[in-house]
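Coordinates from model13.txt are shown below (compact mmCIF, C-alpha atoms).
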# COMPACT_ATOMS: atom_id res chain seq x y z
CA MET A 18 0.00 0.00 0.00
CA VAL A 19 1.30 3.43 -0.83
CA CYS A 20 0.72 6.84 0.59
CA GLU A 21 -2.49 8.31 -0.61
CA THR A 22 -2.51 12.02 -0.98
CA ASN A 23 -5.31 14.43 -0.94
CA ILE A 24 -4.32 17.88 -2.15
CA GLN A 25 -5.77 20.56 0.02
CA GLN A 26 -4.66 23.10 2.50
CA ILE A 27 -3.95 21.76 5.93
CA PRO A 28 -6.56 23.19 8.28
CA SER A 29 -5.18 25.67 10.75
CA GLU A 30 -4.44 24.34 14.18
CA GLU A 31 -6.85 24.69 16.99
CA SER A 32 -6.03 27.98 18.56
CA SER A 33 -7.53 27.05 21.89
CA LYS A 34 -5.33 25.18 24.30
CA LYS A 35 -6.18 23.30 27.42
CA CYS A 36 -5.27 24.87 30.71
CA HIS A 37 -2.64 23.60 33.08
CA PRO A 38 -3.86 24.60 36.49
CA ASP A 39 -1.29 25.97 38.87
CA ILE A 40 -0.56 24.03 42.02
CA PRO A 41 1.33 25.11 45.11
CA LEU A 42 5.09 25.24 44.59
CA MET A 43 6.11 22.93 47.43
CA VAL A 44 3.53 20.29 46.53
CA ALA A 45 4.79 20.24 42.98
CA LEU A 46 8.42 20.09 44.13
CA GLU A 47 7.73 17.00 46.22
CA LYS A 48 6.01 15.34 43.29
CA VAL A 49 8.84 15.83 40.86
CA LYS A 50 11.91 15.64 43.07
CA SER A 51 12.85 12.19 41.83
CA LYS A 52 12.22 13.06 38.19
CA VAL A 53 14.63 16.00 38.24
CA ASN A 54 17.43 13.61 39.13
CA THR A 55 16.88 11.42 36.09
CA ILE A 56 18.05 13.80 33.39
CA SER A 57 19.89 12.06 30.57
CA GLU A 58 23.65 12.46 30.58
CA ASP A 59 23.74 12.76 26.79
CA ASP A 60 24.50 16.29 25.57
CA GLU A 61 23.30 17.57 28.87
CA ASP A 62 24.82 21.00 28.32
CA ILE A 63 23.17 21.65 24.94
CA CYS A 64 19.56 22.52 24.20
CA PRO A 65 18.41 20.07 21.49
CA ILE A 66 16.25 22.74 19.86
CA CYS A 67 18.74 25.58 19.30
CA LEU A 68 21.95 23.55 19.91
CA GLU A 69 23.22 26.35 22.17
CA GLU A 70 24.58 25.86 25.68
CA TYR A 71 22.67 26.60 28.84
CA THR A 72 23.71 29.71 30.73
CA SER A 73 22.67 31.45 33.91
CA GLU A 74 20.77 33.99 31.79
CA ASN A 75 19.17 31.28 29.64
CA PRO A 76 19.01 28.20 31.89
CA ARG A 77 17.90 24.61 31.45
CA ILE A 78 14.35 23.53 32.20
CA VAL A 79 13.21 19.93 32.39
CA THR A 80 9.94 18.52 31.08
CA LYS A 81 7.81 15.98 32.91
CA CYS A 82 9.29 13.32 30.65
CA SER A 83 12.79 14.34 31.84
CA HIS A 84 14.01 16.10 28.68
CA HIS A 85 15.79 19.42 28.91
CA TYR A 86 15.51 22.62 26.85
CA HIS A 87 15.91 26.34 27.12
CA LEU A 88 12.65 27.69 28.48
CA SER A 89 12.32 30.11 25.58
CA CYS A 90 12.90 27.29 23.05
CA ILE A 91 10.34 24.85 24.46
CA TYR A 92 7.91 27.69 25.03
CA GLU A 93 8.05 28.68 21.36
CA TRP A 94 7.61 25.04 20.29
CA ASN A 95 4.66 24.59 22.65
CA GLU A 96 2.88 27.39 20.80
CA ARG A 97 2.89 25.04 17.79
CA SER A 98 2.67 21.64 19.47
CA GLU A 99 2.23 20.33 22.99
CA THR A 100 4.45 17.30 22.36
CA CYS A 101 7.97 16.88 23.71
CA PRO A 102 10.44 17.37 20.80
CA VAL A 103 12.66 14.49 21.92
CA CYS A 104 10.18 11.74 22.88
CA SER A 105 6.95 13.05 21.29
CA LYS A 106 5.09 12.49 24.52
CA ALA A 107 2.02 14.65 24.88
CA PRO A 108 1.09 16.15 28.23
CA ASP A 109 -1.58 14.22 30.08
CA TYR A 110 -3.28 17.28 31.50
CA ASP A 111 -3.16 16.20 35.10
CA ASP A 112 -2.60 18.60 37.95
CA GLU A 113 1.17 18.89 37.48
CA PRO A 114 2.88 21.74 35.66
CA LYS A 115 4.60 21.07 32.35
CA TRP A 116 8.11 22.30 33.06
CA TYR A 117 10.64 22.32 35.83
CA LEU A 118 13.64 24.55 36.26
CA VAL A 119 16.38 22.71 38.13
CA GLY A 120 15.30 23.17 41.71
CA VAL A 121 12.32 25.34 40.82
CA VAL A 122 8.94 24.37 39.43
CA LEU A 123 7.57 26.60 36.73
CA THR A 124 3.84 26.87 36.87
CA ASN A 125 2.03 28.51 34.02
CA ARG A 126 1.57 31.58 36.14
CA PHE A 127 5.31 31.82 36.74
CA THR A 128 6.21 31.42 33.07
CA SER A 129 3.78 34.13 32.11
CA MET A 130 5.43 36.33 34.71
CA LEU A 131 8.67 35.82 32.81
CA GLN A 132 6.92 37.45 29.84
CA LEU A 133 8.11 34.92 27.30
CA MET B 20 10.47 20.79 -9.46
CA THR B 21 12.85 22.65 -7.23
CA GLY B 22 10.09 24.30 -5.25
CA SER B 23 9.17 27.72 -6.50
CA SER B 24 7.73 28.53 -3.10
CA ALA B 25 11.22 28.24 -1.62
CA SER B 26 12.52 31.14 -3.69
CA SER B 27 9.84 33.44 -2.31
CA ARG B 28 10.54 32.34 1.25
CA LYS B 29 11.61 34.90 3.79
CA VAL B 30 15.20 35.08 4.92
CA LEU B 31 16.27 32.98 7.87
CA SER B 32 15.71 34.30 11.36
CA LYS B 33 18.72 34.82 13.60
CA ILE B 34 17.83 31.69 15.57
CA ALA B 35 17.56 29.68 12.34
CA THR B 36 20.89 31.04 11.06
CA ASN B 37 22.68 30.21 14.32
CA ARG B 38 21.27 26.72 14.43
CA LEU B 39 22.10 25.99 10.78
CA GLN B 40 25.67 27.19 11.25
CA LYS B 41 26.01 24.76 14.14
CA GLU B 42 24.50 21.94 12.08
CA LEU B 43 26.90 22.74 9.25
CA VAL B 44 29.92 22.52 11.56
CA GLU B 45 28.62 19.26 13.07
CA TRP B 46 28.05 17.86 9.57
CA GLN B 47 31.63 18.69 8.54
CA VAL B 48 33.02 17.05 11.68
CA ASN B 49 30.69 14.07 11.69
CA PRO B 50 28.84 13.65 8.35
CA PRO B 51 26.18 10.93 8.17
CA SER B 52 27.42 7.86 6.31
CA GLY B 53 26.29 7.72 2.68
CA PHE B 54 25.82 11.48 2.21
CA LEU B 55 27.89 14.31 0.76
CA HIS B 56 26.90 17.92 1.28
CA LYS B 57 28.21 20.29 -1.36
CA VAL B 58 28.66 23.39 0.79
CA THR B 59 27.78 26.70 -0.87
CA ASP B 60 27.31 30.26 0.33
CA ASN B 61 23.58 29.62 0.56
CA LEU B 62 22.82 28.51 4.10
CA GLN B 63 19.10 28.40 3.34
CA ARG B 64 19.35 25.70 0.65
CA TRP B 65 21.48 22.59 1.03
CA VAL B 66 22.00 20.18 -1.85
CA ILE B 67 23.08 16.78 -0.56
CA GLU B 68 24.22 13.74 -2.52
CA VAL B 69 22.75 10.44 -1.37
CA TYR B 70 24.51 7.16 -2.09
CA GLY B 71 22.42 3.99 -2.14
CA ALA B 72 23.56 1.64 0.64
CA GLN B 73 25.46 -1.54 -0.18
CA GLY B 74 23.28 -4.65 -0.10
CA THR B 75 20.14 -2.73 -1.07
CA ILE B 76 18.40 -2.35 -4.43
CA TYR B 77 19.85 1.18 -4.68
CA ALA B 78 23.49 0.13 -4.20
CA GLY B 79 25.85 2.00 -6.54
CA GLU B 80 23.25 4.66 -7.33
CA LYS B 81 23.56 8.35 -6.52
CA TYR B 82 20.74 10.85 -5.96
CA GLN B 83 20.44 14.45 -4.84
CA LEU B 84 18.34 15.85 -2.02
CA GLN B 85 17.44 19.53 -1.89
CA VAL B 86 16.73 20.92 1.56
CA ASP B 87 15.15 24.40 1.87
CA PHE B 88 14.89 25.96 5.31
CA PRO B 89 12.00 28.19 6.38
CA GLU B 90 12.41 31.48 8.23
CA HIS B 91 11.52 29.87 11.56
CA TYR B 92 13.54 26.66 11.31
CA PRO B 93 13.70 24.50 13.42
CA MET B 94 10.23 25.35 14.73
CA GLU B 95 9.03 24.60 11.19
CA ALA B 96 10.20 21.64 9.12
CA PRO B 97 12.50 22.15 6.15
CA GLN B 98 11.20 21.32 2.68
CA VAL B 99 13.02 18.20 1.50
CA ILE B 100 12.72 16.87 -2.05
CA PHE B 101 14.77 14.72 -4.41
CA LEU B 102 16.13 16.53 -7.45
CA HIS B 103 15.49 14.89 -10.84
CA PRO B 104 15.81 11.98 -11.30
CA ALA B 105 14.23 10.87 -8.02
CA PRO B 106 14.80 7.26 -6.95
CA LEU B 107 12.11 4.76 -7.86
CA HIS B 108 10.46 4.02 -4.52
CA PRO B 109 6.87 3.37 -3.36
CA HIS B 110 6.96 6.56 -1.25
CA ILE B 111 8.83 8.88 -3.61
CA TYR B 112 6.96 10.65 -6.39
CA SER B 113 8.50 11.31 -9.80
CA ASN B 114 8.58 15.06 -9.02
CA GLY B 115 10.86 14.33 -6.06
CA HIS B 116 8.29 14.74 -3.30
CA ILE B 117 8.77 12.31 -0.42
CA CYS B 118 5.97 10.76 1.63
CA LEU B 119 7.67 10.60 5.04
CA ASP B 120 5.87 11.70 8.18
CA ILE B 121 8.83 13.39 9.91
CA LEU B 122 9.00 15.92 7.06
CA TYR B 123 5.44 17.06 7.76
CA ASP B 124 3.11 16.21 10.67
CA SER B 125 5.72 14.43 12.79
CA TRP B 126 8.45 17.06 12.51
CA SER B 127 10.18 17.97 15.76
CA PRO B 128 12.67 20.79 16.36
CA ALA B 129 15.01 18.24 17.95
CA MET B 130 15.50 16.68 14.48
CA THR B 131 18.39 17.81 12.29
CA VAL B 132 19.37 17.62 8.62
CA SER B 133 21.57 14.71 9.58
CA SER B 134 18.75 12.79 11.27
CA ILE B 135 16.45 13.49 8.30
CA CYS B 136 19.08 12.09 5.93
CA ILE B 137 19.43 8.93 8.01
CA SER B 138 15.64 8.46 7.98
CA ILE B 139 15.49 8.89 4.21
CA LEU B 140 18.34 6.43 3.64
CA SER B 141 16.58 3.98 5.96
CA MET B 142 13.39 4.41 3.94
CA LEU B 143 15.29 3.74 0.71
CA SER B 144 17.17 0.76 2.15
CA SER B 145 14.06 -1.04 3.38
CA SER B 146 12.39 -1.05 -0.04
CA THR B 147 12.34 -4.31 -1.99
CA VAL B 148 10.74 -2.95 -5.15
CA LYS B 149 11.60 -0.10 -7.47
CA GLU B 150 8.25 1.38 -8.27
CA ARG B 151 6.39 4.68 -7.97
CA PRO B 152 3.48 5.28 -5.57
CA GLU B 153 0.17 4.03 -6.98
CA ASP B 154 -1.17 7.59 -7.23
CA ASN B 155 2.00 9.08 -8.74
CA ASP B 156 0.50 10.45 -11.95
CA ARG B 157 -2.48 12.06 -10.24
CA TYR B 158 -0.33 13.61 -7.52
CA VAL B 159 2.35 14.96 -9.84
CA LYS B 160 -0.28 16.42 -12.14
CA ASN B 161 -1.78 18.27 -9.19
CA CYS B 162 1.64 19.68 -8.30
CA ARG B 163 2.38 21.23 -11.69
CA ASN B 164 1.97 24.77 -10.43
CA GLY B 165 5.06 24.35 -8.27
CA ARG B 166 3.24 23.34 -5.13
CA SER B 167 5.47 22.53 -2.16
CA PRO B 168 5.10 19.06 -0.63
CA LYS B 169 4.54 20.85 2.67
CA GLU B 170 1.20 22.05 1.26
CA THR B 171 0.10 18.49 0.62
CA ARG B 172 -2.13 16.80 3.12
CA TRP B 173 -0.34 13.47 3.48
CA TRP B 174 -1.82 10.24 4.70
CA PHE B 175 0.70 7.89 6.31
CA HIS B 176 -0.47 4.33 6.65
CA ASP B 177 2.49 2.23 5.72
CA ASP B 178 5.55 2.08 7.94
CA LYS B 179 7.00 -1.09 6.41
CA VAL B 180 9.00 0.64 3.65
I'd like the structure from this file rewritten - as structure tokens, please.
Amino acid sequence: MVCETNIQQIPSEESSKKCHPDIPLMVALEKVKSKVNTISEDDEDICPICLEEYTSENPRIVTKCSHHYHLSCIYEWNERSETCPVCSKAPDYDDEPKWYLVGVVLTNRFTSMLQL
Amino acid sequence: MTGSSASSRKVLSKIATNRLQKELVEWQVNPPSGFLHKVTDNLQRWVIEVYGAQGTIYAGEKYQLQVDFPEHYPMEAPQVIFLHPAPLHPHIYSNGHICLDILYDSWSPAMTVSSICISILSMLSSSTVKERPEDNDRYVKNCRNGRSPKETRWWFHDDKV
């Protein structure tokens, strides 16, 4: 069987996105403490999206599936797709936030405060 | 067949330029096996030679891939097509368009030109027949106005080849 094609414009993506409710910082920290310690050792210093190093001004964040990116890079990708660029895992919309800074949990409210 | 839409594409963003320069350096240090990139001054369009792998039905054959990068690469996928003559393959149309999900719906910004090339060579190597897609003539006829394969709505339901 081959690929069938149907010539037409791809419909624009749903503009609406599901909400990720904020939860208290300490509760979230307890939930993810073990996950933060399971970051892959491979290319740990390089963001796989922009291929640039992490810095104190542009630090590493870690997704729920334990993959790391610059916050600005994953934020821009998440405007197009909710999936993780490395493992393609989609968020499961539970009560946990999507991203974690090392040692700090980034709730949606916090990321919007960063004005990204 | 070289993608007229690519010529009207906006120039690369700073992020795209930085990332492509890094990919270019990485390619020169560690090129994927079976590929040769003829480096030019044009960072936005790469032309890459593909060599059919030994032990496959494309062994000893050479093809050319043309990769055009959009303004917001890698947030958007590059346009990847085979230049004429495109290899005979059940997922490659005679106009060079390639039916491969990672080039369209399944693109991720963590992919690179190098990883795309490896996927395309894998797709070629797993084929046991040299034939065009069943709908080749209809599809190519519909593309005569220079339509980009990224404007096609692809249906992927065969991951064996």
Would you write out, as CSV, a table of all residues in chain B that have an atom no more than 8 Å from an atom of chain A, listing for each the closest atom pair and the distance in Å to one decimal, considering only C-alpha atoms and ordering rows by chain and rising residue number?
residue,atom,partner,partner_atom,distance
B:Ile34,CA,A:Cys67,CA,7.2
B:Asn37,CA,A:Cys67,CA,7.9
B:Arg38,CA,A:Cys67,CA,5.6
B:Lys41,CA,A:Leu68,CA,7.2
B:Pro93,CA,A:Ile66,CA,7.1
B:Met94,CA,A:Trp94,CA,6.2
B:Pro109,CA,A:Val19,CA,6.1
B:His110,CA,A:Val19,CA,6.5
B:Cys118,CA,A:Cys20,CA,6.6
B:Ser127,CA,A:Pro102,CA,5.1
B:Pro128,CA,A:Ile66,CA,5.4
B:Ala129,CA,A:Ile66,CA,5.0
B:Pro152,CA,A:Val19,CA,5.5
B:Glu153,CA,A:Val19,CA,6.3
B:Asp154,CA,A:Glu21,CA,6.8
B:Tyr158,CA,A:Thr22,CA,7.1
B:Asn161,CA,A:Ile24,CA,7.5
B:Glu170,CA,A:Gln26,CA,6.1
B:Thr171,CA,A:Ile24,CA,5.3
B:Arg172,CA,A:Asn23,CA,5.7
B:Trp173,CA,A:Thr22,CA,5.2
B:Trp174,CA,A:Glu21,CA,5.7
B:Phe175,CA,A:Cys20,CA,5.8
B:His176,CA,A:Cys20,CA,6.7
B:Asp177,CA,A:Met18,CA,6.6
Restricting the output to C-alpha atoms, write the selected residues as a compact mmCIF listing (two decimals), in the coordinates of the input.
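After the write, again.txt holds the following:
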# COMPACT_ATOMS: atom_id res chain seq x y z
CA ILE B 34 17.83 31.69 15.57
CA ASN B 37 22.68 30.21 14.32
CA ARG B 38 21.27 26.72 14.43
CA LYS B 41 26.01 24.76 14.14
CA PRO B 93 13.70 24.50 13.42
CA MET B 94 10.23 25.35 14.73
CA PRO B 109 6.87 3.37 -3.36
CA HIS B 110 6.96 6.56 -1.25
CA CYS B 118 5.97 10.76 1.63
CA SER B 127 10.18 17.97 15.76
CA PRO B 128 12.67 20.79 16.36
CA ALA B 129 15.01 18.24 17.95
CA PRO B 152 3.48 5.28 -5.57
CA GLU B 153 0.17 4.03 -6.98
CA ASP B 154 -1.17 7.59 -7.23
CA TYR B 158 -0.33 13.61 -7.52
CA ASN B 161 -1.78 18.27 -9.19
CA GLU B 170 1.20 22.05 1.26
CA THR B 171 0.10 18.49 0.62
CA ARG B 172 -2.13 16.80 3.12
CA TRP B 173 -0.34 13.47 3.48
CA TRP B 174 -1.82 10.24 4.70
CA PHE B 175 0.70 7.89 6.31
CA HIS B 176 -0.47 4.33 6.65
CA ASP B 177 2.49 2.23 5.72
Handout entry: Within 8 Å of Leu62 (chain B) using all atoms listed in the file, minus same-chain residues under 5 positions, as a ChimeraX atom specification
Key = /B:36,39-40
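Atom pair CA of Ala78 (chain B) / CA of Trp46 (chain B): separated by 22.9 Å.
For the atom pair formed by CA of Thr131 (chain B) and CA of Leu143 (chain B), the distance is 18.5 Å, given to one decimal.
In this structure, CA of Thr59 (chain B) sits 21.6 Å away from CA of Gly115 (chain B).
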Let me know the centre plus edge lengths, in Å and rounded to one decimal, of a box with edges along x, y and z that contains all listed atoms of region 80-95 of chain B and is padded by 5 Å on every side, as lines of an AutoDock Vina configuration file.
center_x = 16.3
center_y = 18.1
center_z = 3.7
size_x = 24.5
size_y = 36.8
size_z = 32.1
Practice task
List every protein, DNA or RNA residue with an atom no more than 12 Å from (15.1, -2.3, 5.1) in the file's coordinates, counting only C-alpha atoms, and format the result as an MDAnalysis selection string.
Solution key: chainID B and resid 72:77 138:148 178:180
Exercise for the section: Identify, on the basis of all atoms listed in the file, every residue whose closest approach to Glu61 (chain A) does not exceed 10 Å; exclude the query and any residue fewer than 6 positions from it along the same chain; express the result as a ChimeraX atom specification. Expected result: /A:70-71,77,84-86
Handout entry: Shell around Pro51 (chain B) at 9 Å using all atoms listed in the file, local window under 6 positions removed, as a ChimeraX atom specification
Key = /B:133-134,136-137
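With only C-alpha atoms taken into account, the protein and nucleic acid residues at most 10 Å from Arg64 (chain B) (excluding it and anything under 3 positions from it in its own chain) are Ala25, Ser26, Val58, Thr59, Asp60, Asn61, Ile67, Gln85, Val86, Asp87, Phe88, Pro89, Pro97, Gln98 and Val99 of chain B.
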Produce a file of the selected residues containing C-alpha atoms, as a PDB file, in the frame of the given file.
ATOM      1  CA  ALA B  25      11.220  28.240  -1.620  1.00  0.00           C
ATOM      2  CA  SER B  26      12.520  31.140  -3.690  1.00  0.00           C
ATOM      3  CA  VAL B  58      28.660  23.390   0.790  1.00  0.00           C
ATOM      4  CA  THR B  59      27.780  26.700  -0.870  1.00  0.00           C
ATOM      5  CA  ASP B  60      27.310  30.260   0.330  1.00  0.00           C
ATOM      6  CA  ASN B  61      23.580  29.620   0.560  1.00  0.00           C
ATOM      7  CA  ILE B  67      23.080  16.780  -0.560  1.00  0.00           C
ATOM      8  CA  GLN B  85      17.440  19.530  -1.890  1.00  0.00           C
ATOM      9  CA  VAL B  86      16.730  20.920   1.560  1.00  0.00           C
ATOM     10  CA  ASP B  87      15.150  24.400   1.870  1.00  0.00           C
ATOM     11  CA  PHE B  88      14.890  25.960   5.310  1.00  0.00           C
ATOM     12  CA  PRO B  89      12.000  28.190   6.380  1.00  0.00           C
ATOM     13  CA  PRO B  97      12.500  22.150   6.150  1.00  0.00           C
ATOM     14  CA  GLN B  98      11.200  21.320   2.680  1.00  0.00           C
ATOM     15  CA  VAL B  99      13.020  18.200   1.500  1.00  0.00           C
TER      16      VAL B  99
END
Exercise for the section: Compare B:Lys169, B:Lys81, B:His108, B:Lys57 by their minimum atom-to-atom distance to Trp126 (chain B), counting only C-alpha atoms, and give me the closest one. Expected result: B:Lys169
Problem - Contacts of His91 (chain B) at 10 Å (all atoms listed in the file; same-chain gap of 5+ positions) as a PyMOL selection string - result: chain B and resi 29-36+96-97
